[in-house]
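Next comes upload-v4.csv, with CSV, C-alpha atoms.
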```csv
chain,number,residue,atom,x,y,z
A,1,MET,CA,-20.5,-88.5,86.6
A,2,THR,CA,-21.3,-88.1,90.2
A,3,ALA,CA,-18.8,-89.5,92.8
A,4,PRO,CA,-20.2,-92.7,94.3
A,5,LEU,CA,-21.4,-92.2,97.9
A,6,GLU,CA,-19.1,-95.0,99.1
A,7,GLU,CA,-16.1,-93.2,97.7
A,8,LEU,CA,-17.2,-89.8,99.3
A,9,LEU,CA,-17.4,-91.4,102.7
A,10,LYS,CA,-13.7,-92.4,102.5
A,11,MET,CA,-12.7,-88.7,102.0
A,12,GLU,CA,-11.9,-85.9,104.4
A,13,PRO,CA,-14.6,-83.2,104.8
A,14,LYS,CA,-12.7,-80.8,102.6
A,15,GLU,CA,-12.4,-83.3,99.8
A,16,ILE,CA,-16.1,-84.2,100.2
A,17,GLN,CA,-17.0,-80.5,99.8
A,18,ALA,CA,-15.1,-80.3,96.5
A,19,HIS,CA,-17.6,-82.9,95.1
A,20,ASN,CA,-20.6,-80.7,95.8
A,21,GLU,CA,-23.0,-80.9,92.8
A,22,ARG,CA,-25.7,-78.5,93.9
A,23,PRO,CA,-26.7,-76.7,90.7
A,24,THR,CA,-26.2,-73.0,90.1
A,25,ALA,CA,-29.1,-70.8,89.0
A,26,ASP,CA,-27.7,-71.0,85.4
A,27,GLN,CA,-27.5,-74.8,85.5
A,28,LEU,CA,-31.1,-75.0,86.7
A,29,ARG,CA,-32.1,-72.5,84.0
A,30,ASN,CA,-30.5,-74.6,81.3
A,31,LYS,CA,-31.2,-78.1,82.7
A,32,THR,CA,-31.9,-80.7,80.1
A,33,GLN,CA,-34.5,-83.4,80.6
A,34,THR,CA,-33.5,-86.8,82.0
A,35,TYR,CA,-35.9,-89.3,80.4
A,36,TYR,CA,-37.2,-92.5,81.9
A,37,GLU,CA,-35.2,-94.5,79.5
A,38,ASP,CA,-32.0,-92.8,80.6
A,39,VAL,CA,-32.3,-94.2,84.1
A,40,GLU,CA,-31.1,-97.6,85.4
A,41,VAL,CA,-31.5,-99.1,88.8
A,42,GLY,CA,-28.4,-98.3,90.8
A,43,LEU,CA,-27.9,-94.9,89.3
A,44,GLU,CA,-26.8,-92.4,91.9
A,45,LEU,CA,-28.2,-88.9,91.8
A,46,PRO,CA,-25.8,-85.8,92.0
A,47,LYS,CA,-24.7,-85.3,95.6
A,48,TYR,CA,-25.6,-82.1,97.4
A,49,ILE,CA,-23.0,-81.2,100.0
A,50,TYR,CA,-23.7,-78.8,102.8
A,51,SER,CA,-21.5,-77.4,105.6
A,52,PRO,CA,-24.0,-75.6,107.8
A,53,THR,CA,-22.8,-72.9,110.2
A,54,PRO,CA,-24.6,-71.3,113.1
A,55,THR,CA,-25.5,-68.5,110.7
A,56,HIS,CA,-27.2,-70.8,108.3
A,57,LEU,CA,-29.2,-72.3,111.2
A,58,PHE,CA,-30.2,-68.8,112.4
A,59,ARG,CA,-31.3,-67.8,108.8
A,60,TRP,CA,-33.5,-70.9,108.6
A,61,SER,CA,-35.1,-70.3,112.0
A,62,ALA,CA,-35.9,-66.8,110.9
A,63,ALA,CA,-37.2,-67.8,107.5
A,64,ILE,CA,-39.7,-70.2,108.8
A,65,GLU,CA,-40.3,-68.5,112.2
A,66,ASN,CA,-39.1,-71.4,114.3
A,67,PHE,CA,-38.1,-70.0,117.6
A,68,HIS,CA,-36.9,-73.2,119.3
A,69,ARG,CA,-33.8,-72.3,121.2
A,70,ILE,CA,-32.0,-75.5,120.5
A,71,HIS,CA,-31.2,-74.2,117.0
A,72,TYR,CA,-29.6,-70.9,117.9
A,73,ASP,CA,-28.9,-70.6,121.7
A,74,LEU,CA,-25.8,-72.6,122.4
A,75,ASP,CA,-25.9,-72.1,126.2
A,76,PHE,CA,-29.5,-73.4,126.3
A,77,GLY,CA,-28.9,-76.3,124.0
A,78,MET,CA,-25.8,-77.6,125.8
A,79,ASN,CA,-26.7,-76.8,129.4
A,80,HIS,CA,-30.5,-77.2,129.4
A,81,ASP,CA,-31.1,-79.8,126.8
A,82,LYS,CA,-27.7,-81.4,127.1
A,83,ASN,CA,-27.2,-81.4,123.3
A,84,PRO,CA,-23.6,-81.4,121.9
A,85,SER,CA,-24.2,-78.0,120.2
A,86,ILE,CA,-27.0,-76.1,118.5
A,87,LEU,CA,-28.8,-78.5,116.2
A,88,VAL,CA,-29.5,-78.5,112.5
A,89,HIS,CA,-33.2,-78.3,112.0
A,90,GLY,CA,-35.1,-81.4,110.9
A,91,SER,CA,-37.4,-79.0,109.0
A,92,TRP,CA,-34.4,-77.8,106.9
A,93,LYS,CA,-33.3,-81.3,106.1
A,94,GLN,CA,-36.8,-82.3,104.9
A,95,SER,CA,-37.1,-79.1,102.9
A,96,VAL,CA,-34.0,-80.0,101.0
A,97,VAL,CA,-35.6,-83.3,99.8
A,98,PRO,CA,-38.3,-81.8,97.4
A,99,GLN,CA,-35.6,-79.4,96.1
A,100,PHE,CA,-33.3,-82.4,95.4
A,101,LEU,CA,-36.0,-84.2,93.6
A,102,LYS,CA,-37.2,-81.2,91.7
A,103,ASP,CA,-33.8,-80.4,90.4
A,104,TRP,CA,-33.3,-83.9,89.1
A,105,THR,CA,-36.6,-84.1,87.4
A,106,LEU,CA,-36.6,-80.6,85.8
A,107,PRO,CA,-37.7,-79.2,83.5
A,108,LYS,CA,-40.8,-81.4,82.9
A,109,GLY,CA,-40.7,-84.3,85.4
A,110,TRP,CA,-42.4,-84.3,88.7
A,111,PRO,CA,-41.1,-84.7,92.2
A,112,TRP,CA,-44.1,-86.7,93.4
A,113,LYS,CA,-43.5,-88.0,96.9
A,114,ALA,CA,-41.0,-88.8,99.6
A,115,ALA,CA,-40.9,-90.4,103.0
A,116,PHE,CA,-38.2,-90.2,105.5
A,117,GLU,CA,-37.3,-90.4,109.2
A,118,HIS,CA,-35.2,-88.0,111.3
A,119,ARG,CA,-32.3,-89.7,113.1
A,120,ALA,CA,-29.1,-88.5,114.6
A,121,MET,CA,-28.3,-85.0,115.8
A,122,LEU,CA,-26.5,-82.8,113.2
A,123,VAL,CA,-24.4,-79.8,114.3
A,124,PRO,CA,-22.5,-77.0,112.7
A,125,GLY,CA,-19.2,-78.3,111.6
A,126,ASP,CA,-20.7,-81.5,110.1
A,127,THR,CA,-20.3,-82.0,106.4
A,128,LEU,CA,-23.6,-83.3,105.1
A,129,ILE,CA,-24.2,-85.3,101.9
A,130,MET,CA,-27.7,-85.4,100.4
A,131,TRP,CA,-27.8,-88.6,98.3
A,132,GLY,CA,-30.2,-90.7,96.3
A,133,THR,CA,-29.9,-94.0,94.5
A,134,VAL,CA,-32.4,-95.5,92.1
A,135,THR,CA,-34.0,-98.7,93.3
A,136,GLY,CA,-36.7,-99.3,90.8
A,137,LYS,CA,-38.6,-98.1,87.7
A,138,TYR,CA,-41.9,-98.7,86.0
A,139,GLU,CA,-44.2,-97.2,83.4
A,140,LYS,CA,-47.8,-96.4,84.1
A,141,GLY,CA,-50.3,-94.2,82.4
A,142,GLY,CA,-47.8,-93.1,79.8
A,143,MET,CA,-45.4,-91.8,82.5
A,144,GLY,CA,-42.1,-93.2,83.9
A,145,PHE,CA,-42.0,-93.7,87.6
A,146,ILE,CA,-38.6,-93.8,89.3
A,147,GLU,CA,-38.2,-95.2,92.9
A,148,MET,CA,-35.2,-94.4,95.0
A,149,ASP,CA,-33.7,-94.5,98.4
A,150,LEU,CA,-32.4,-91.3,99.7
A,151,GLY,CA,-30.9,-89.7,102.8
A,152,MET,CA,-28.5,-87.2,104.3
A,153,LYS,CA,-25.3,-88.7,105.7
A,154,THR,CA,-22.6,-87.1,107.7
A,155,GLN,CA,-18.9,-87.2,106.8
A,156,ASP,CA,-18.7,-90.2,109.2
A,157,GLY,CA,-21.3,-92.1,107.3
A,158,VAL,CA,-24.1,-91.6,109.9
A,159,GLU,CA,-27.4,-91.6,108.2
A,160,SER,CA,-29.6,-88.8,109.6
A,161,MET,CA,-32.6,-89.1,107.3
A,162,PRO,CA,-33.2,-92.5,105.8
A,163,GLY,CA,-36.0,-92.4,103.3
A,164,SER,CA,-37.4,-93.1,99.9
A,165,ALA,CA,-39.0,-91.3,97.1
A,166,THR,CA,-41.0,-91.7,93.8
A,167,VAL,CA,-40.6,-89.2,91.0
A,168,VAL,CA,-42.0,-89.1,87.5
A,169,LEU,CA,-40.0,-88.6,84.3
A,170,PRO,CA,-41.4,-88.3,80.8
A,171,LEU,CA,-40.9,-91.1,78.3
A,172,ARG,CA,-38.6,-90.2,75.5
A,173,ASP,CA,-41.4,-90.4,72.9
A,174,GLY,CA,-44.2,-89.8,75.4
A,175,THR,CA,-46.4,-86.9,76.3
A,176,ASP,CA,-45.8,-84.3,78.9
A,177,ILE,CA,-46.4,-85.1,82.6
A,178,PRO,CA,-49.8,-83.6,83.4
A,179,TYR,CA,-49.7,-80.5,85.5
A,180,PRO,CA,-51.1,-80.2,88.1
A,181,PHE,CA,-49.9,-83.8,88.7
A,182,VAL,CA,-52.6,-86.4,89.0
A,183,PRO,CA,-51.2,-89.8,90.1
A,184,PRO,CA,-52.5,-92.7,88.0
A,185,LYS,CA,-55.1,-94.9,89.6
A,186,ASP,CA,-54.0,-98.3,90.9
B,1,MET,CA,-38.6,-105.9,115.9
B,2,THR,CA,-42.2,-105.2,116.6
B,3,GLN,CA,-45.2,-107.2,115.7
B,4,GLU,CA,-49.0,-107.0,115.7
B,5,ALA,CA,-50.5,-107.0,119.2
B,6,GLN,CA,-51.1,-110.6,120.3
B,7,GLN,CA,-54.1,-111.6,122.3
B,8,ASP,CA,-52.1,-111.9,125.6
B,9,THR,CA,-50.9,-108.3,125.3
B,10,GLN,CA,-53.2,-105.6,126.7
B,11,SER,CA,-54.4,-103.7,123.6
B,12,VAL,CA,-54.0,-99.9,123.6
B,13,LEU,CA,-56.0,-99.6,120.4
B,14,THR,CA,-59.3,-99.2,122.3
B,15,PRO,CA,-62.6,-98.4,120.6
B,16,GLU,CA,-62.2,-94.8,121.7
B,17,VAL,CA,-58.8,-94.6,120.0
B,18,GLN,CA,-60.0,-96.3,116.9
B,19,ALA,CA,-62.9,-93.8,116.7
B,20,MET,CA,-60.3,-91.1,116.2
B,21,ILE,CA,-59.2,-92.4,112.8
B,22,GLY,CA,-60.6,-90.0,110.2
B,23,VAL,CA,-61.3,-87.2,112.7
B,24,GLN,CA,-60.6,-83.9,111.1
B,25,GLY,CA,-59.7,-80.5,112.4
B,26,GLU,CA,-61.4,-77.4,111.1
B,27,LEU,CA,-60.3,-76.0,107.7
B,28,VAL,CA,-58.0,-73.1,108.6
B,29,GLU,CA,-56.9,-70.1,106.5
B,30,SER,CA,-53.2,-69.3,107.1
B,31,TRP,CA,-52.3,-65.8,107.9
B,32,GLY,CA,-51.1,-63.8,104.9
B,33,THR,CA,-50.6,-64.8,101.4
B,34,VAL,CA,-47.8,-66.6,99.5
B,35,ASP,CA,-45.6,-63.6,98.7
B,36,VAL,CA,-42.3,-63.0,96.9
B,37,GLU,CA,-40.5,-61.8,100.1
B,38,TYR,CA,-41.3,-65.0,102.0
B,39,LEU,CA,-40.3,-66.9,98.9
B,40,ARG,CA,-37.0,-65.1,98.7
B,41,ARG,CA,-36.2,-65.7,102.4
B,42,PHE,CA,-37.2,-69.4,102.2
B,43,THR,CA,-35.3,-70.3,99.1
B,44,GLN,CA,-32.2,-68.5,100.2
B,45,ALA,CA,-32.4,-70.3,103.6
B,46,VAL,CA,-32.8,-73.7,102.0
B,47,MET,CA,-30.1,-72.7,99.5
B,48,ASP,CA,-32.0,-73.2,96.3
B,49,PRO,CA,-31.1,-70.6,93.6
B,50,ASP,CA,-33.6,-71.9,91.0
B,51,PRO,CA,-34.6,-68.9,88.8
B,52,ARG,CA,-38.1,-70.4,88.5
B,53,TYR,CA,-38.6,-68.8,92.0
B,54,TRP,CA,-37.5,-65.3,91.1
B,55,ASP,CA,-37.0,-64.6,87.3
B,56,GLU,CA,-40.5,-63.9,86.1
B,57,GLU,CA,-39.6,-63.7,82.4
B,58,PHE,CA,-37.8,-67.0,82.5
B,59,ALA,CA,-40.6,-68.6,84.6
B,60,LYS,CA,-43.1,-67.7,81.9
B,61,THR,CA,-41.2,-69.8,79.5
B,62,THR,CA,-41.2,-72.9,81.7
B,63,HIS,CA,-43.5,-75.9,82.0
B,64,TYR,CA,-45.4,-74.1,84.7
B,65,GLY,CA,-45.8,-70.7,83.0
B,66,GLU,CA,-45.2,-68.6,86.1
B,67,ILE,CA,-43.1,-68.2,89.2
B,68,ILE,CA,-43.4,-71.3,91.3
B,69,VAL,CA,-43.2,-71.8,95.1
B,70,PRO,CA,-41.8,-74.8,97.0
B,71,PRO,CA,-44.8,-76.7,98.3
B,72,ILE,CA,-43.2,-77.5,101.6
B,73,MET,CA,-42.7,-73.7,102.1
B,74,ILE,CA,-46.4,-73.2,102.7
B,75,SER,CA,-46.4,-75.9,105.4
B,76,TYR,CA,-44.5,-73.5,107.6
B,77,MET,CA,-47.2,-70.9,107.2
B,78,THR,CA,-49.5,-72.9,109.4
B,79,GLY,CA,-47.3,-72.2,112.4
B,80,ARG,CA,-47.5,-68.4,112.1
B,81,ILE,CA,-48.7,-66.6,115.1
B,82,ARG,CA,-51.5,-64.3,114.0
B,83,PRO,CA,-51.1,-60.6,114.9
B,84,ASP,CA,-54.4,-60.7,116.8
B,85,GLN,CA,-53.0,-63.4,119.1
B,86,GLU,CA,-51.1,-62.7,122.3
B,87,ASP,CA,-47.3,-62.4,121.9
B,88,ALA,CA,-46.5,-66.0,122.2
B,89,ILE,CA,-42.8,-65.6,122.9
B,90,THR,CA,-43.3,-63.0,125.7
B,91,LYS,CA,-46.0,-65.2,127.2
B,92,ALA,CA,-43.8,-68.3,127.1
B,93,PHE,CA,-41.0,-66.6,129.0
B,94,GLU,CA,-43.3,-65.0,131.5
B,95,GLU,CA,-44.6,-68.5,132.3
B,96,ASN,CA,-41.2,-70.1,132.3
B,97,PRO,CA,-37.9,-68.1,132.2
B,98,MET,CA,-36.2,-71.2,130.9
B,99,SER,CA,-38.8,-71.7,128.1
B,100,ASP,CA,-37.5,-73.6,125.0
B,101,GLY,CA,-38.8,-70.6,122.9
B,102,ILE,CA,-41.9,-72.4,121.7
B,103,GLY,CA,-44.1,-72.4,124.8
B,104,ASN,CA,-47.6,-73.7,124.8
B,105,VAL,CA,-49.0,-71.9,121.8
B,106,GLU,CA,-52.4,-72.9,120.7
B,107,ARG,CA,-52.5,-73.7,117.0
B,108,PRO,CA,-55.6,-73.2,115.0
B,109,GLY,CA,-57.1,-76.3,113.5
B,110,ALA,CA,-55.4,-78.6,116.0
B,111,LEU,CA,-56.8,-82.1,116.4
B,112,PRO,CA,-58.3,-83.3,119.7
B,113,GLU,CA,-56.0,-85.4,121.8
B,114,ILE,CA,-55.9,-89.2,121.4
B,115,PRO,CA,-57.7,-90.7,124.4
B,116,THR,CA,-54.9,-92.9,125.7
B,117,HIS,CA,-52.8,-93.2,128.8
B,118,LEU,CA,-49.7,-93.4,126.7
B,119,VAL,CA,-47.8,-90.2,127.0
B,120,ARG,CA,-44.3,-90.5,125.6
B,121,THR,CA,-44.2,-89.3,122.0
B,122,LEU,CA,-41.4,-90.1,119.4
B,123,ASN,CA,-41.2,-89.0,115.8
B,124,ALA,CA,-41.7,-92.1,113.5
B,125,GLY,CA,-41.4,-90.5,110.1
B,126,ASN,CA,-42.6,-87.9,107.7
B,127,GLU,CA,-44.0,-87.9,104.2
B,128,ILE,CA,-44.7,-85.3,101.6
B,129,GLU,CA,-46.8,-85.8,98.5
B,130,ILE,CA,-46.8,-82.9,95.9
B,131,PHE,CA,-49.5,-82.2,93.3
B,132,GLN,CA,-49.1,-78.6,92.3
B,133,TYR,CA,-46.8,-75.6,93.0
B,134,PRO,CA,-48.4,-72.8,94.9
B,135,SER,CA,-48.5,-69.5,93.1
B,136,ILE,CA,-47.6,-66.0,94.3
B,137,GLY,CA,-50.8,-64.5,95.8
B,138,ASP,CA,-52.3,-67.8,96.9
B,139,VAL,CA,-54.2,-67.9,100.1
B,140,ILE,CA,-53.3,-71.2,101.9
B,141,PHE,CA,-55.9,-73.4,103.6
B,142,PHE,CA,-54.9,-76.4,105.7
B,143,GLN,CA,-56.7,-79.2,107.5
B,144,ASN,CA,-55.5,-81.8,109.9
B,145,ARG,CA,-56.8,-85.3,110.0
B,146,TYR,CA,-55.9,-88.5,111.9
B,147,ARG,CA,-55.2,-90.7,108.8
B,148,ASP,CA,-54.3,-93.9,110.6
B,149,ILE,CA,-53.7,-95.3,114.1
B,150,ARG,CA,-52.1,-98.7,114.4
B,151,GLU,CA,-51.0,-100.9,117.3
B,152,ARG,CA,-47.6,-102.6,117.5
B,153,VAL,CA,-45.9,-104.5,120.3
B,154,GLY,CA,-42.4,-103.6,121.4
B,155,ARG,CA,-39.5,-105.8,122.5
B,156,ASP,CA,-40.6,-105.3,126.0
B,157,GLY,CA,-44.0,-106.9,125.2
B,158,LYS,CA,-45.9,-103.7,125.7
B,159,ALA,CA,-48.3,-102.4,123.1
B,160,PHE,CA,-47.8,-98.9,121.7
B,161,LEU,CA,-49.5,-96.8,119.0
B,162,ILE,CA,-48.3,-95.4,115.7
B,163,ILE,CA,-50.4,-92.3,115.0
B,164,THR,CA,-50.3,-90.8,111.5
B,165,ARG,CA,-51.5,-87.2,111.3
B,166,GLU,CA,-52.1,-85.8,107.8
B,167,ILE,CA,-52.3,-82.2,106.8
B,168,THR,CA,-53.9,-81.2,103.4
B,169,TYR,CA,-52.9,-77.9,101.9
B,170,SER,CA,-55.0,-76.2,99.3
B,171,ASN,CA,-55.4,-72.7,97.9
B,172,GLN,CA,-58.3,-70.3,97.5
B,173,LYS,CA,-59.4,-72.1,94.3
B,174,LYS,CA,-59.5,-75.4,96.3
B,175,ASP,CA,-56.6,-76.7,94.2
B,176,LEU,CA,-54.9,-79.5,96.1
B,177,LEU,CA,-51.3,-78.4,96.5
B,178,CYS,CA,-49.6,-81.0,98.7
B,179,ILE,CA,-50.2,-83.3,101.6
B,180,THR,CA,-47.8,-83.9,104.5
B,181,ARG,CA,-48.0,-86.8,107.0
B,182,GLN,CA,-46.3,-87.2,110.3
B,183,SER,CA,-46.2,-90.4,112.1
B,184,SER,CA,-45.5,-90.5,115.8
B,185,ILE,CA,-45.1,-93.4,118.3
B,186,ARG,CA,-47.0,-93.1,121.5
B,187,ARG,CA,-45.7,-95.3,124.3
```

Would you put the structure from the file into structure tokens?
Amino acid sequence: MTAPLEELLKMEPKEIQAHNERPTADQLRNKTQTYYEDVEVGLELPKYIYSPTPTHLFRWSAAIENFHRIHYDLDFGMNHDKNPSILVHGSWKQSVVPQFLKDWTLPKGWPWKAAFEHRAMLVPGDTLIMWGTVTGKYEKGGMGFIEMDLGMKTQDGVESMPGSATVVLPLRDGTDIPYPFVPPKD
Amino acid sequence: MTQEAQQDTQSVLTPEVQAMIGVQGELVESWGTVDVEYLRRFTQAVMDPDPRYWDEEFAKTTHYGEIIVPPIMISYMTGRIRPDQEDAITKAFEENPMSDGIGNVERPGALPEIPTHLVRTLNAGNEIEIFQYPSIGDVIFFQNRYRDIRERVGRDGKAFLIITREITYSNQKKDLLCITRQSSIRR
């Protein structure tokens, strides 16, 4: 049972980090299917906790070839752009979203779509909580669609990426989700 | 709160701006292919240890039957500086010793500017829609398009634009992989 977001936000960063539910490789390998019928509105998805350091930011910049100095040059970031520190990349945050949805829908669901905004500046030293809460569900075309709100909050409860998503889960007695995924027609 | 532009507000959604809706950039082939080394660096940097990305034997037993690739990973391939281009970083610092590290790099397939006097740009949101995982060895093609341009009125009574740019990503087989959309406010 995942710790409710509301409870996590009452904790100190060290305690929050202890509630990290990012799956290991073995957990992802052996993931059992969550079916449409298993999900109720209000369900909170497992929380992914991150504590990014300057080295994590540098690794991300290098991986995607993003050379913007605000992410790795502290002097430039603080003195030129007047930022509080080097900044966590919006591109990293938005790349966590499909992963978060994939992991929850594995092994045969589909992380269909997500929308979000980038707000707030995140810096090394922040403790970040990737969260999602189910807001709706419906069946269509023999598939189960789950709607949710999601975001990435700081330890202080500041929402840095308010958004929403729709994912697809198989019905317990249904057929496989088609792959490649074809959204049902309206 | 914002609202639709009223008749007494000077509209910024001119016929010239409206004509930009649906305008597409050229279809561009990204430099390089989707390869295991970029996949390793990307998934380690995003901190996703999923064996579907690296354990070929296991991947064969999954729903997808092969190693998969995060669709959003290929969106960053579009920003690659091709080796036949000028060294963009050196150029940026030659032009401005206090460059932000990005400079004024010309991106292939870029859309024409929106013909408006509004110059301030703010990010208004992002979307991603996923249809298929890219495969190792895929060649990635992308195409920009102005999907939508709307007008709103701010608290100050001035009209502004919300511009949604869409990028479609496909592979060498013309399989649609994913679509990203970025909305920006132009004030």

Next item on the list: Tell me which protein, DNA and RNA residues are within 9 Å of stretch 121-124 of chain B, counting all atoms listed in the file, leaving out same-chain ones fewer than 5 positions away, and put them as a list in words.
Entry: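 Near stretch 121-124 of chain B, the qualifying residues are Phe116, Glu117 and His118 of chain A; Ile162, Ile163, Thr164, Gln182, Ser183, Ser184, Ile185, Arg186 and Arg187 of chain B.
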
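The interatomic distance for the pair atom CA of A:Arg59 and atom CA of B:Tyr133 works out to 23.5 Å.
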
Note to self: Report, in Å to a single decimal, how far apart atom CA of A:Pro98 and atom CA of A:Ala18 are.
What the structure shows: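 Taking atom CA of A:Ala18 as the start and atom CA of A:Pro98 as the end point, the length is 23.3 Å.
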
Item checked: One-decimal distance in Å that lies between atom CA of B:Glu151 and atom CA of B:Leu13 ->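 Distance between the two atoms: 6.0 Å.
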
Chain B residues near chain A within 9 Å, closest pair each, using only C-alpha atoms, as CSV:
```
residue,atom,partner,partner_atom,distance
B:Tyr38,CA,A:Ala63,CA,7.4
B:Arg41,CA,A:Ala63,CA,5.6
B:Phe42,CA,A:Ala63,CA,5.5
B:Thr43,CA,A:Ala63,CA,9.0
B:Gln44,CA,A:Arg59,CA,8.7
B:Ala45,CA,A:Trp60,CA,5.2
B:Val46,CA,A:Val96,CA,6.5
B:Met47,CA,A:Val96,CA,8.4
B:Asp48,CA,A:Gln99,CA,7.2
B:Pro49,CA,A:Ala25,CA,5.0
B:Asp50,CA,A:Ala25,CA,5.0
B:Pro51,CA,A:Ala25,CA,5.8
B:Arg52,CA,A:Arg29,CA,7.8
B:Phe58,CA,A:Arg29,CA,8.1
B:Thr62,CA,A:Pro107,CA,7.4
B:His63,CA,A:Lys108,CA,6.2
B:Tyr64,CA,A:Tyr179,CA,7.8
B:Pro70,CA,A:Gln99,CA,7.8
B:Pro71,CA,A:Pro98,CA,8.3
B:Ile72,CA,A:Ser95,CA,6.4
B:Met73,CA,A:Ser95,CA,7.8
B:Tyr76,CA,A:Ile64,CA,5.9
B:Met77,CA,A:Ile64,CA,7.7
B:Gly79,CA,A:Glu65,CA,7.9
B:Arg80,CA,A:Glu65,CA,7.2
B:Ile89,CA,A:Phe67,CA,8.3
B:Met98,CA,A:His80,CA,8.4
B:Ser99,CA,A:Arg69,CA,8.5
B:Asp100,CA,A:Arg69,CA,5.5
B:Gly101,CA,A:His68,CA,4.8
B:Ile102,CA,A:His68,CA,5.6
B:Asn123,CA,A:His118,CA,7.6
B:Ala124,CA,A:Glu117,CA,6.4
B:Gly125,CA,A:Glu117,CA,4.2
B:Asn126,CA,A:Phe116,CA,5.4
B:Glu127,CA,A:Ala115,CA,4.2
B:Ile128,CA,A:Ala114,CA,5.5
B:Glu129,CA,A:Lys113,CA,4.3
B:Ile130,CA,A:Trp112,CA,5.3
B:Phe131,CA,A:Phe181,CA,4.9
B:Gln132,CA,A:Pro180,CA,4.9
B:Tyr133,CA,A:Pro180,CA,8.0
B:Asp175,CA,A:Pro180,CA,8.9
B:Leu176,CA,A:Pro180,CA,8.9
B:Leu177,CA,A:Pro180,CA,8.6
B:Arg181,CA,A:Ala115,CA,8.9
```

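Minimum atom-to-atom distance to A:Leu5, evaluated using all atoms listed in the file, belongs to A:Met130 out of A:Met78, A:Met130, A:Val168, A:Val88.
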
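Of the listed residues (A:Ser51, A:Pro84, A:Gly151, A:Glu159), A:Glu159 comes nearest to A:Ala120; the distances count all atoms listed in the file.
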
Provide an axis-aligned box for all listed atoms of stretch 60-68 of chain A, padding each side by 3 Å; report its centre and its edge lengths in Å to one decimal, as AutoDock Vina command-line options.
```
--center_x -36.9 --center_y -70.0 --center_z 113.4 --size_x 12.8 --size_y 12.4 --size_z 17.8
```

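For B:Thr9, the residues within 10 Å (counting all atoms listed in the file, excluding itself and residues fewer than 6 positions away along the chain) are Val153, Gly157, Lys158 and Ala159 of chain B.
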
Margin query: Residues within 12 Å of A:Glu6, please, as a list in words. Count only C-alpha atoms; anything in the same chain fewer than 6 positions from it doesn't count.
Written below: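 Everything that qualifies: Ile16, Glu44, Lys47, Ile129, Trp131, Thr133, Lys153, Gln155, Asp156 and Gly157 of chain A.
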
Check: Closest to B:Val12 among B:His117, B:Arg165, B:Lys60, B:Arg40, using all atoms listed in the file?
Finding: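 The closest residue to B:Val12 is B:His117.
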
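Closest approach to A:Asp173 among A:Tyr36, A:Tyr138, A:Ile146, A:Lys31 is made by A:Tyr36 (distances from only C-alpha atoms).
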
Check: Can you list, as an MDAnalysis selection string, every protein, DNA or RNA residue that comes within 8 Å of stretch 136-150 of chain B when you count only C-alpha atoms, leaving out same-chain residues fewer than 3 positions away?
Finding: chainID B and resid 13 17:18 20:30 32:36 67:69 74 78 109:111 161:172

Next item on the list: Go through A:Leu128, A:Val158, A:Met152, A:Glu139 and flag the residue nearest A:Gln17, using all atoms listed in the file for the distances.
Entry: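 Between A:Leu128, A:Val158, A:Met152, A:Glu139, the residue approaching A:Gln17 most closely is A:Leu128.
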
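The residue that comes closest to A:Lys10, out of A:Ser160, A:Thr175, A:Thr154, A:Thr135 and on the basis of only C-alpha atoms, is A:Thr154.
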
Quick one: stretch 168-177 of chain B with N, CA and C atoms, as a PDB file, in the frame of the given file?
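Now in selection_15.pdb:
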```
ATOM      1  N   THR B 168     -53.585 -81.523 104.843  1.00  0.00           N
ATOM      2  CA  THR B 168     -53.900 -81.200 103.400  1.00  0.00           C
ATOM      3  C   THR B 168     -53.802 -79.738 103.219  1.00  0.00           C
ATOM      4  N   TYR B 169     -53.076 -79.342 102.180  1.00  0.00           N
ATOM      5  CA  TYR B 169     -52.900 -77.900 101.900  1.00  0.00           C
ATOM      6  C   TYR B 169     -53.564 -77.615 100.528  1.00  0.00           C
ATOM      7  N   SER B 170     -54.360 -76.578 100.513  1.00  0.00           N
ATOM      8  CA  SER B 170     -55.000 -76.200  99.300  1.00  0.00           C
ATOM      9  C   SER B 170     -54.993 -74.655  99.176  1.00  0.00           C
ATOM     10  N   ASN B 171     -55.394 -74.142  98.023  1.00  0.00           N
ATOM     11  CA  ASN B 171     -55.400 -72.700  97.900  1.00  0.00           C
ATOM     12  C   ASN B 171     -56.871 -72.180  97.776  1.00  0.00           C
ATOM     13  N   GLN B 172     -56.997 -70.887  97.482  1.00  0.00           N
ATOM     14  CA  GLN B 172     -58.300 -70.300  97.500  1.00  0.00           C
ATOM     15  C   GLN B 172     -59.213 -70.809  96.363  1.00  0.00           C
ATOM     16  N   LYS B 173     -58.587 -71.486  95.385  1.00  0.00           N
ATOM     17  CA  LYS B 173     -59.400 -72.100  94.300  1.00  0.00           C
ATOM     18  C   LYS B 173     -59.710 -73.552  94.611  1.00  0.00           C
ATOM     19  N   LYS B 174     -59.352 -73.973  95.820  1.00  0.00           N
ATOM     20  CA  LYS B 174     -59.500 -75.400  96.300  1.00  0.00           C
ATOM     21  C   LYS B 174     -58.658 -76.338  95.501  1.00  0.00           C
ATOM     22  N   ASP B 175     -57.597 -75.825  94.873  1.00  0.00           N
ATOM     23  CA  ASP B 175     -56.600 -76.700  94.200  1.00  0.00           C
ATOM     24  C   ASP B 175     -55.838 -77.432  95.334  1.00  0.00           C
ATOM     25  N   LEU B 176     -55.712 -78.741  95.209  1.00  0.00           N
ATOM     26  CA  LEU B 176     -54.900 -79.500  96.100  1.00  0.00           C
ATOM     27  C   LEU B 176     -53.425 -79.249  95.804  1.00  0.00           C
ATOM     28  N   LEU B 177     -52.661 -78.734  96.753  1.00  0.00           N
ATOM     29  CA  LEU B 177     -51.300 -78.400  96.500  1.00  0.00           C
ATOM     30  C   LEU B 177     -50.322 -79.519  96.985  1.00  0.00           C
TER      31      LEU B 177
END
```
